[in-house]
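Q: One file: input.cif (mmCIF, C-alpha atoms).
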```cif
data_target
loop_
_atom_site.group_PDB
_atom_site.id
_atom_site.type_symbol
_atom_site.label_atom_id
_atom_site.label_comp_id
_atom_site.auth_asym_id
_atom_site.auth_seq_id
_atom_site.Cartn_x
_atom_site.Cartn_y
_atom_site.Cartn_z
ATOM 1 C CA MET A 694 40.359 73.345 30.594
ATOM 2 C CA THR A 695 41.259 70.004 29.019
ATOM 3 C CA LYS A 696 44.846 69.260 28.016
ATOM 4 C CA ALA A 697 43.893 69.225 24.333
ATOM 5 C CA LEU A 698 42.287 72.644 24.656
ATOM 6 C CA ALA A 699 45.299 73.963 26.578
ATOM 7 C CA ASP A 700 47.550 72.624 23.821
ATOM 8 C CA LEU A 701 45.598 74.766 21.357
ATOM 9 C CA LEU A 702 46.889 78.008 22.836
ATOM 10 C CA GLY A 703 50.448 78.017 21.462
ATOM 11 C CA PRO A 704 49.612 76.898 17.902
ATOM 12 C CA ALA A 705 46.652 79.289 17.713
ATOM 13 C CA ALA A 706 48.908 82.166 18.752
ATOM 14 C CA ALA A 707 51.401 81.139 16.063
ATOM 15 C CA ILE A 708 48.654 81.341 13.441
ATOM 16 C CA ILE A 709 46.909 84.545 14.475
ATOM 17 C CA GLY A 710 49.942 86.414 15.833
ATOM 18 C CA ARG A 711 48.612 86.918 19.361
ATOM 19 C CA GLU A 712 47.375 84.926 22.330
ATOM 20 C CA LEU A 713 43.767 83.815 22.486
ATOM 21 C CA SER A 714 41.685 85.819 24.937
ATOM 22 C CA ARG A 715 39.839 84.154 27.792
ATOM 23 C CA PRO A 716 36.403 84.771 26.160
ATOM 24 C CA GLU A 717 37.713 83.221 22.922
ATOM 25 C CA ILE A 718 38.985 80.150 24.786
ATOM 26 C CA THR A 719 35.630 79.810 26.547
ATOM 27 C CA LEU A 720 33.710 79.978 23.265
ATOM 28 C CA ILE A 721 36.020 77.463 21.586
ATOM 29 C CA GLY A 722 35.458 75.103 24.522
ATOM 30 C CA LYS A 723 31.666 75.489 24.207
ATOM 31 C CA TYR A 724 31.855 74.928 20.459
ATOM 32 C CA LEU A 725 33.847 71.723 20.888
ATOM 33 C CA GLU A 726 31.431 70.518 23.561
ATOM 34 C CA ILE A 727 28.319 70.955 21.416
ATOM 35 C CA LEU A 728 30.148 69.530 18.397
ATOM 36 C CA ARG A 729 31.071 66.382 20.342
ATOM 37 C CA GLU A 730 27.494 65.996 21.577
ATOM 38 C CA TRP A 731 25.942 66.278 18.127
ATOM 39 C CA ASN A 732 28.656 64.172 16.515
ATOM 40 C CA ARG A 733 27.644 61.160 18.575
ATOM 41 C CA VAL A 734 24.314 61.125 16.735
ATOM 42 C CA GLN A 735 24.787 63.071 13.482
ATOM 43 C CA ARG A 736 28.374 62.137 12.523
ATOM 44 C CA LEU A 737 29.304 65.703 11.624
ATOM 45 C CA VAL A 738 33.053 64.991 11.626
ATOM 46 C CA GLY A 739 35.162 61.861 11.296
ATOM 47 C CA ARG A 740 36.705 61.826 14.769
ATOM 48 C CA GLY A 741 35.067 63.415 17.777
ATOM 49 C CA ASP A 742 37.836 63.390 20.380
ATOM 50 C CA THR A 743 38.913 66.806 21.619
ATOM 51 C CA LYS A 744 42.477 66.624 20.304
ATOM 52 C CA SER A 745 41.323 65.748 16.799
ATOM 53 C CA LEU A 746 38.740 68.535 16.855
ATOM 54 C CA VAL A 747 41.348 71.045 18.062
ATOM 55 C CA ASP A 748 43.938 70.048 15.447
ATOM 56 C CA ASN A 749 41.737 69.416 12.420
ATOM 57 C CA ILE A 750 38.720 71.634 13.014
ATOM 58 C CA VAL A 751 39.708 74.675 15.086
ATOM 59 C CA LEU A 752 43.315 75.180 13.976
ATOM 60 C CA ASP A 753 42.544 74.247 10.382
ATOM 61 C CA SER A 754 39.783 76.873 10.333
ATOM 62 C CA LEU A 755 42.072 79.522 11.792
ATOM 63 C CA LEU A 756 44.450 79.015 8.856
ATOM 64 C CA PHE A 757 41.870 80.856 6.742
ATOM 65 C CA LEU A 758 42.815 84.016 8.652
ATOM 66 C CA LYS A 759 46.245 83.857 7.002
ATOM 67 C CA VAL A 760 44.713 84.341 3.556
ATOM 68 C CA LEU A 761 41.527 86.341 4.130
ATOM 69 C CA PRO A 762 41.780 90.133 3.706
ATOM 70 C CA ALA A 763 42.044 91.905 7.058
ATOM 71 C CA SER A 764 39.094 94.100 6.070
ATOM 72 C CA THR A 765 36.734 91.123 5.699
ATOM 73 C CA SER A 766 33.401 91.994 7.308
ATOM 74 C CA ARG A 767 30.773 89.772 5.666
ATOM 75 C CA VAL A 768 31.462 86.055 5.194
ATOM 76 C CA LEU A 769 29.541 83.282 3.461
ATOM 77 C CA ASP A 770 30.580 79.762 4.529
ATOM 78 C CA VAL A 771 29.542 77.281 1.812
ATOM 79 C CA GLY A 772 28.859 73.683 2.842
ATOM 80 C CA SER A 773 29.549 74.647 6.433
ATOM 81 C CA GLY A 774 28.516 71.288 7.912
ATOM 82 C CA ALA A 775 30.077 71.292 11.380
ATOM 83 C CA GLY A 776 30.598 75.051 11.228
ATOM 84 C CA VAL A 777 33.948 74.848 9.478
ATOM 85 C CA PRO A 778 35.534 77.292 9.014
ATOM 86 C CA GLY A 779 32.756 79.751 9.844
ATOM 87 C CA ILE A 780 32.313 79.232 13.592
ATOM 88 C CA PRO A 781 36.019 79.465 14.574
ATOM 89 C CA LEU A 782 36.342 82.529 12.324
ATOM 90 C CA LYS A 783 33.351 84.137 14.032
ATOM 91 C CA ILE A 784 34.829 83.409 17.476
ATOM 92 C CA LEU A 785 38.070 85.162 16.518
ATOM 93 C CA LYS A 786 36.353 87.901 14.498
ATOM 94 C CA PRO A 787 33.030 88.512 16.314
ATOM 95 C CA ALA A 788 32.256 91.639 14.295
ATOM 96 C CA ILE A 789 31.912 89.765 11.012
ATOM 97 C CA ASP A 790 28.462 89.083 9.626
ATOM 98 C CA LEU A 791 28.413 85.315 9.037
ATOM 99 C CA VAL A 792 26.042 83.251 6.907
ATOM 100 C CA MET A 793 26.553 79.465 6.880
ATOM 101 C CA VAL A 794 24.907 77.486 4.077
ATOM 102 C CA ASP A 795 24.458 73.729 3.912
ATOM 103 C CA ALA A 796 22.228 71.488 1.791
ATOM 104 C CA ARG A 797 21.635 68.985 4.619
ATOM 105 C CA ARG A 798 18.881 69.932 7.034
ATOM 106 C CA LYS A 799 20.345 68.075 10.042
ATOM 107 C CA ARG A 800 23.601 69.966 9.709
ATOM 108 C CA VAL A 801 21.766 73.269 9.486
ATOM 109 C CA SER A 802 19.968 72.263 12.701
ATOM 110 C CA PHE A 803 23.376 71.821 14.345
ATOM 111 C CA LEU A 804 24.594 75.177 13.040
ATOM 112 C CA SER A 805 21.498 76.932 14.376
ATOM 113 C CA ALA A 806 21.954 75.247 17.770
ATOM 114 C CA ALA A 807 25.618 76.280 17.842
ATOM 115 C CA ILE A 808 24.716 79.893 17.047
ATOM 116 C CA ARG A 809 22.294 79.924 19.991
ATOM 117 C CA THR A 810 24.696 78.173 22.378
ATOM 118 C CA LEU A 811 27.575 80.498 21.547
ATOM 119 C CA GLY A 812 25.385 83.608 21.724
ATOM 120 C CA PHE A 813 26.449 84.825 18.297
ATOM 121 C CA GLU A 814 25.004 88.038 16.944
ATOM 122 C CA GLY A 815 25.195 88.626 13.208
ATOM 123 C CA ALA A 816 25.209 84.916 12.333
ATOM 124 C CA ARG A 817 22.667 82.602 10.744
ATOM 125 C CA ALA A 818 22.397 79.192 9.122
ATOM 126 C CA VAL A 819 20.541 78.653 5.842
ATOM 127 C CA HIS A 820 19.281 75.348 4.471
ATOM 128 C CA THR A 821 19.856 75.477 0.709
ATOM 129 C CA ARG A 822 22.140 74.435 -2.116
ATOM 130 C CA ILE A 823 24.514 77.236 -3.028
ATOM 131 C CA GLU A 824 23.508 76.850 -6.687
ATOM 132 C CA ASP A 825 19.955 77.805 -5.723
ATOM 133 C CA VAL A 826 20.839 81.020 -3.899
ATOM 134 C CA GLU A 827 19.875 84.302 -5.517
ATOM 135 C CA THR A 828 21.783 87.516 -4.812
ATOM 136 C CA CYS A 829 18.632 89.178 -3.530
ATOM 137 C CA GLU A 830 18.264 86.482 -0.843
ATOM 138 C CA LEU A 831 21.610 86.817 0.931
ATOM 139 C CA GLY A 832 23.166 89.975 -0.521
ATOM 140 C CA GLY A 833 26.823 90.539 -1.333
ATOM 141 C CA PHE A 834 29.808 89.116 0.557
ATOM 142 C CA ASP A 835 33.390 90.334 0.648
ATOM 143 C CA ALA A 836 34.587 86.801 1.460
ATOM 144 C CA ILE A 837 33.152 83.411 0.529
ATOM 145 C CA VAL A 838 34.894 80.432 2.128
ATOM 146 C CA ALA A 839 34.701 76.669 1.685
ATOM 147 C CA ARG A 840 36.732 73.696 2.807
ATOM 148 C CA CYS A 841 37.576 70.521 0.902
ATOM 149 C CA THR A 842 35.511 71.185 -2.191
ATOM 150 C CA ALA A 843 36.403 69.028 -5.189
ATOM 151 C CA GLY A 844 35.826 71.750 -7.781
ATOM 152 C CA PRO A 845 37.073 75.248 -6.884
ATOM 153 C CA MET A 846 36.349 76.695 -10.321
ATOM 154 C CA ARG A 847 32.834 75.249 -10.293
ATOM 155 C CA LEU A 848 32.236 76.795 -6.884
ATOM 156 C CA PHE A 849 33.609 80.114 -8.108
ATOM 157 C CA GLY A 850 31.117 80.099 -10.935
ATOM 158 C CA ALA A 851 28.266 79.330 -8.534
ATOM 159 C CA VAL A 852 29.055 82.101 -6.046
ATOM 160 C CA GLU A 853 30.561 84.851 -8.198
ATOM 161 C CA GLN A 854 27.254 86.737 -8.301
ATOM 162 C CA LEU A 855 27.227 86.779 -4.487
ATOM 163 C CA LEU A 856 30.536 88.640 -4.205
ATOM 164 C CA SER A 857 30.636 92.332 -3.388
ATOM 165 C CA ALA A 858 33.050 94.600 -5.243
ATOM 166 C CA ASN A 859 36.606 93.264 -4.803
ATOM 167 C CA GLY A 860 35.215 90.207 -3.008
ATOM 168 C CA VAL A 861 37.304 87.062 -2.687
ATOM 169 C CA VAL A 862 36.541 83.331 -2.716
ATOM 170 C CA VAL A 863 38.878 81.192 -0.576
ATOM 171 C CA VAL A 864 38.733 77.418 -1.007
ATOM 172 C CA ALA A 865 40.868 75.082 1.119
ATOM 173 C CA GLY A 866 41.759 71.585 0.100
ATOM 174 C CA PRO A 867 42.688 71.174 -3.572
ATOM 175 C CA PRO A 868 46.298 70.427 -4.536
ATOM 176 C CA VAL A 869 48.310 73.410 -5.731
ATOM 177 C CA GLY A 870 48.177 73.569 -9.498
ATOM 178 C CA GLY A 871 45.310 71.100 -9.622
ATOM 179 C CA VAL A 872 43.089 73.730 -11.187
ATOM 180 C CA HIS A 873 43.935 76.846 -13.167
ATOM 181 C CA GLY A 874 42.119 80.022 -14.057
ATOM 182 C CA PRO A 875 42.848 83.638 -14.979
ATOM 183 C CA ASN A 876 41.459 84.876 -11.656
ATOM 184 C CA LEU A 877 43.046 82.200 -9.491
ATOM 185 C CA ARG A 878 45.980 82.482 -7.090
ATOM 186 C CA TRP A 879 47.438 79.863 -4.738
ATOM 187 C CA MET A 880 48.759 80.046 -1.196
ATOM 188 C CA SER A 881 49.983 77.311 1.160
ATOM 189 C CA VAL A 882 49.885 77.573 4.973
ATOM 190 C CA ARG A 883 51.345 75.054 7.439
ATOM 191 C CA ASN A 884 49.339 73.766 10.395
ATOM 192 C CA PRO A 885 51.794 74.145 13.314
ATOM 193 C CA VAL A 886 50.456 71.049 15.106
ATOM 194 C CA THR A 887 49.866 68.483 12.379
ATOM 195 C CA GLY A 888 52.738 69.742 10.232
ATOM 196 C CA ARG A 889 50.545 69.344 7.167
ATOM 197 C CA THR A 890 50.316 72.080 4.578
ATOM 198 C CA ARG A 891 46.887 73.478 3.768
ATOM 199 C CA ASN A 892 46.541 74.713 0.194
ATOM 200 C CA PHE A 893 44.196 77.576 -0.613
ATOM 201 C CA ALA A 894 42.759 78.493 -3.986
ATOM 202 C CA ILE A 895 42.036 82.225 -3.854
ATOM 203 C CA MET A 896 39.762 83.644 -6.525
ATOM 204 C CA ARG A 897 38.597 87.128 -7.398
ATOM 205 C CA SER A 898 36.640 88.527 -10.300
ATOM 206 C CA THR A 899 39.559 90.881 -10.872
ATOM 207 C CA TRP A 900 43.032 91.359 -9.398
ATOM 208 C CA ASN A 901 44.694 94.731 -9.216
ATOM 209 C CA THR A 902 48.280 95.273 -10.316
ATOM 210 C CA GLN A 903 49.683 95.281 -6.781
ATOM 211 C CA GLU A 904 48.088 91.903 -5.991
ATOM 212 C CA GLN A 905 49.408 90.372 -9.192
ATOM 213 C CA ASN A 906 53.018 91.221 -8.360
#
```
Can the structure from this file be put into structure tokens for me?
A:
Amino acid sequence: MTKALADLLGPAAAIIGRELSRPEITLIGKYLEILREWNRVQRLVGRGDTKSLVDNIVLDSLLFLKVLPASTSRVLDVGSGAGVPGIPLKILKPAIDLVMVDARRKRVSFLSAAIRTLGFEGARAVHTRIEDVETCELGGFDAIVARCTAGPMRLFGAVEQLLSANGVVVVAGPPVGGVHGPNLRWMSVRNPVTGRTRNFAIMRSTWNTQEQN
């Protein structure tokens, strides 16, 4: 285990409320290895050193677990690219059914290779633009996630028909208060390593009274 990967253990436990299991650590290590290999050619992420990938890819993805409903069982990752946040979420929550969508074929090739390397069941990568997806193609999801999208409300409009009853869209990246909407809530979560705060726009078609209070 590299030092950077070992340094992941404490912060990950702080985020998820428990220690990572040995199988989870092994899968994270394999994910980082294949990501580094592909990044040399495809430029999937800005920096490919292990520490940067641990801090800004793995831990940043795990922050989604702080805002996703515990009952989440079917996840659509929009613009997944390097598998963020879908692959780390799948490693920590292997029972979820994961679909990762990206408009760039080379990135979908990486996602498919990662799925095979990690031995994921209930996971697939789809080459398409999210605006072109029909409900009958992928079905309904109880969570749709995306990172660093410039237009949360635009994304919400594009994926709303893909949500199951009481489904939620979670978008990381926009500044709090940067966008507004009647079905929008905000939550901020701190990355325990970088110290930076990750803002989440959380959208539902409807919110019940308990969630509004």
Q: Please identify all polymer residues within 12 Å of A:Arg711, counting only C-alpha atoms, omitting same-chain residues fewer than 5 positions from it, and present them as a PyMOL selection string.
A: chain A and resi 702-706+785
Q: Every residue with an atom at most 12 Å from (52.7, 71.2, 15.1) (file coordinates; all atoms listed in the file) is what I'm after, so could you write them as JSON, numbers by chain?
A: {"A": [700, 701, 702, 703, 704, 705, 707, 708, 747, 748, 749, 752, 753, 883, 884, 885, 886, 887, 888, 889, 890]}
Q: Keeping only C-alpha atoms, write the selected residues as a CSV table (one decimal), in the coordinates of the input.
A:
```csv
chain,number,residue,atom,x,y,z
A,700,ASP,CA,47.6,72.6,23.8
A,701,LEU,CA,45.6,74.8,21.4
A,702,LEU,CA,46.9,78.0,22.8
A,703,GLY,CA,50.4,78.0,21.5
A,704,PRO,CA,49.6,76.9,17.9
A,705,ALA,CA,46.7,79.3,17.7
A,707,ALA,CA,51.4,81.1,16.1
A,708,ILE,CA,48.7,81.3,13.4
A,747,VAL,CA,41.3,71.0,18.1
A,748,ASP,CA,43.9,70.0,15.4
A,749,ASN,CA,41.7,69.4,12.4
A,752,LEU,CA,43.3,75.2,14.0
A,753,ASP,CA,42.5,74.2,10.4
A,883,ARG,CA,51.3,75.1,7.4
A,884,ASN,CA,49.3,73.8,10.4
A,885,PRO,CA,51.8,74.1,13.3
A,886,VAL,CA,50.5,71.0,15.1
A,887,THR,CA,49.9,68.5,12.4
A,888,GLY,CA,52.7,69.7,10.2
A,889,ARG,CA,50.5,69.3,7.2
A,890,THR,CA,50.3,72.1,4.6
```
Q: So what does the PyMOL selection byres ((chain A and resi 742-746) around 12) actually pick up in this one, as a ChimeraX atom specification?
A: /A:694-701,721-730,732-733,737-741,747-754,775-777,781,886-887
Q: Expand the PyMOL selection byres ((chain A and resi 892) around 6) into the explicit residue set it covers here, and present it as a PyMOL selection string.
A: chain A and resi 865-866+880-881+891+893
Q: Give me the result of the PyMOL selection byres ((chain A and resi 772) around 8) on this file, residue by residue, as JSON, numbers by chain.
A: {"A": [770, 771, 773, 774, 793, 794, 795, 796, 839, 840]}
Q: Pick from A:Ala858, A:Ala763, A:Ala816, A:Val882: nearest to A:Ile784, with all atoms listed in the file counted?
A: A:Ala816
Q: Please return stretch 699-734 of chain A, rebuilt to N, CA and C atoms, as a compact mmCIF listing (two decimals), keeping the file's coordinate frame.
A:
```
# COMPACT_ATOMS: atom_id res chain seq x y z
N ALA A 699 44.14 73.19 26.15
CA ALA A 699 45.30 73.96 26.58
C ALA A 699 46.40 73.93 25.51
N ASP A 700 46.54 72.76 24.86
CA ASP A 700 47.55 72.62 23.82
C ASP A 700 47.23 73.43 22.58
N LEU A 701 45.99 73.91 22.48
CA LEU A 701 45.60 74.77 21.36
C LEU A 701 46.24 76.14 21.43
N LEU A 702 46.53 76.61 22.64
CA LEU A 702 46.89 78.01 22.84
C LEU A 702 48.13 78.42 22.05
N GLY A 703 49.22 77.65 22.15
CA GLY A 703 50.45 78.02 21.46
C GLY A 703 50.30 78.01 19.95
N PRO A 704 49.79 76.92 19.35
CA PRO A 704 49.61 76.90 17.90
C PRO A 704 48.66 77.98 17.39
N ALA A 705 47.58 78.24 18.13
CA ALA A 705 46.65 79.29 17.71
C ALA A 705 47.35 80.64 17.69
N ALA A 706 48.16 80.91 18.71
CA ALA A 706 48.91 82.17 18.75
C ALA A 706 49.88 82.27 17.59
N ALA A 707 50.48 81.13 17.19
CA ALA A 707 51.40 81.14 16.06
C ALA A 707 50.69 81.48 14.76
N ILE A 708 49.42 81.07 14.66
CA ILE A 708 48.65 81.34 13.44
C ILE A 708 48.16 82.78 13.40
N ILE A 709 47.57 83.24 14.50
CA ILE A 709 46.91 84.54 14.48
C ILE A 709 47.81 85.69 14.94
N GLY A 710 49.00 85.37 15.46
CA GLY A 710 49.94 86.41 15.83
C GLY A 710 49.69 87.04 17.19
N ARG A 711 48.89 86.42 18.00
CA ARG A 711 48.61 86.92 19.36
C ARG A 711 48.05 85.77 20.17
N GLU A 712 47.97 85.95 21.48
CA GLU A 712 47.38 84.93 22.33
C GLU A 712 45.85 84.99 22.27
N LEU A 713 45.22 83.84 22.39
CA LEU A 713 43.77 83.82 22.49
C LEU A 713 43.32 84.48 23.79
N SER A 714 42.23 85.22 23.72
CA SER A 714 41.68 85.82 24.94
C SER A 714 40.88 84.78 25.72
N ARG A 715 40.62 85.09 26.98
CA ARG A 715 39.84 84.15 27.79
C ARG A 715 38.44 83.94 27.21
N PRO A 716 37.72 85.01 26.77
CA PRO A 716 36.40 84.77 26.16
C PRO A 716 36.50 83.90 24.91
N GLU A 717 37.55 84.06 24.11
CA GLU A 717 37.71 83.22 22.92
C GLU A 717 37.92 81.76 23.30
N ILE A 718 38.74 81.52 24.33
CA ILE A 718 38.98 80.15 24.79
C ILE A 718 37.69 79.52 25.29
N THR A 719 36.91 80.31 26.03
CA THR A 719 35.63 79.81 26.55
C THR A 719 34.69 79.42 25.42
N LEU A 720 34.60 80.27 24.39
CA LEU A 720 33.71 79.98 23.26
C LEU A 720 34.19 78.77 22.47
N ILE A 721 35.49 78.64 22.29
CA ILE A 721 36.02 77.46 21.59
C ILE A 721 35.67 76.20 22.36
N GLY A 722 35.81 76.25 23.69
CA GLY A 722 35.46 75.10 24.52
C GLY A 722 33.98 74.74 24.38
N LYS A 723 33.10 75.74 24.37
CA LYS A 723 31.67 75.49 24.21
C LYS A 723 31.37 74.91 22.83
N TYR A 724 32.04 75.43 21.82
CA TYR A 724 31.86 74.93 20.46
C TYR A 724 32.25 73.46 20.37
N LEU A 725 33.40 73.10 20.93
CA LEU A 725 33.85 71.72 20.89
C LEU A 725 32.90 70.81 21.67
N GLU A 726 32.35 71.32 22.76
CA GLU A 726 31.43 70.52 23.56
C GLU A 726 30.16 70.19 22.78
N ILE A 727 29.55 71.21 22.16
CA ILE A 727 28.32 70.96 21.42
C ILE A 727 28.60 70.13 20.17
N LEU A 728 29.78 70.32 19.58
CA LEU A 728 30.15 69.53 18.40
C LEU A 728 30.30 68.05 18.76
N ARG A 729 30.94 67.78 19.90
CA ARG A 729 31.07 66.38 20.34
C ARG A 729 29.70 65.76 20.61
N GLU A 730 28.82 66.52 21.25
CA GLU A 730 27.49 66.00 21.58
C GLU A 730 26.72 65.63 20.32
N TRP A 731 26.69 66.53 19.36
CA TRP A 731 25.94 66.28 18.13
C TRP A 731 26.62 65.21 17.28
N ASN A 732 27.93 65.12 17.36
CA ASN A 732 28.66 64.17 16.52
C ASN A 732 28.36 62.73 16.90
N ARG A 733 27.98 62.51 18.15
CA ARG A 733 27.64 61.16 18.58
C ARG A 733 26.43 60.62 17.82
N VAL A 734 25.55 61.53 17.41
CA VAL A 734 24.31 61.12 16.74
C VAL A 734 24.35 61.42 15.23
```
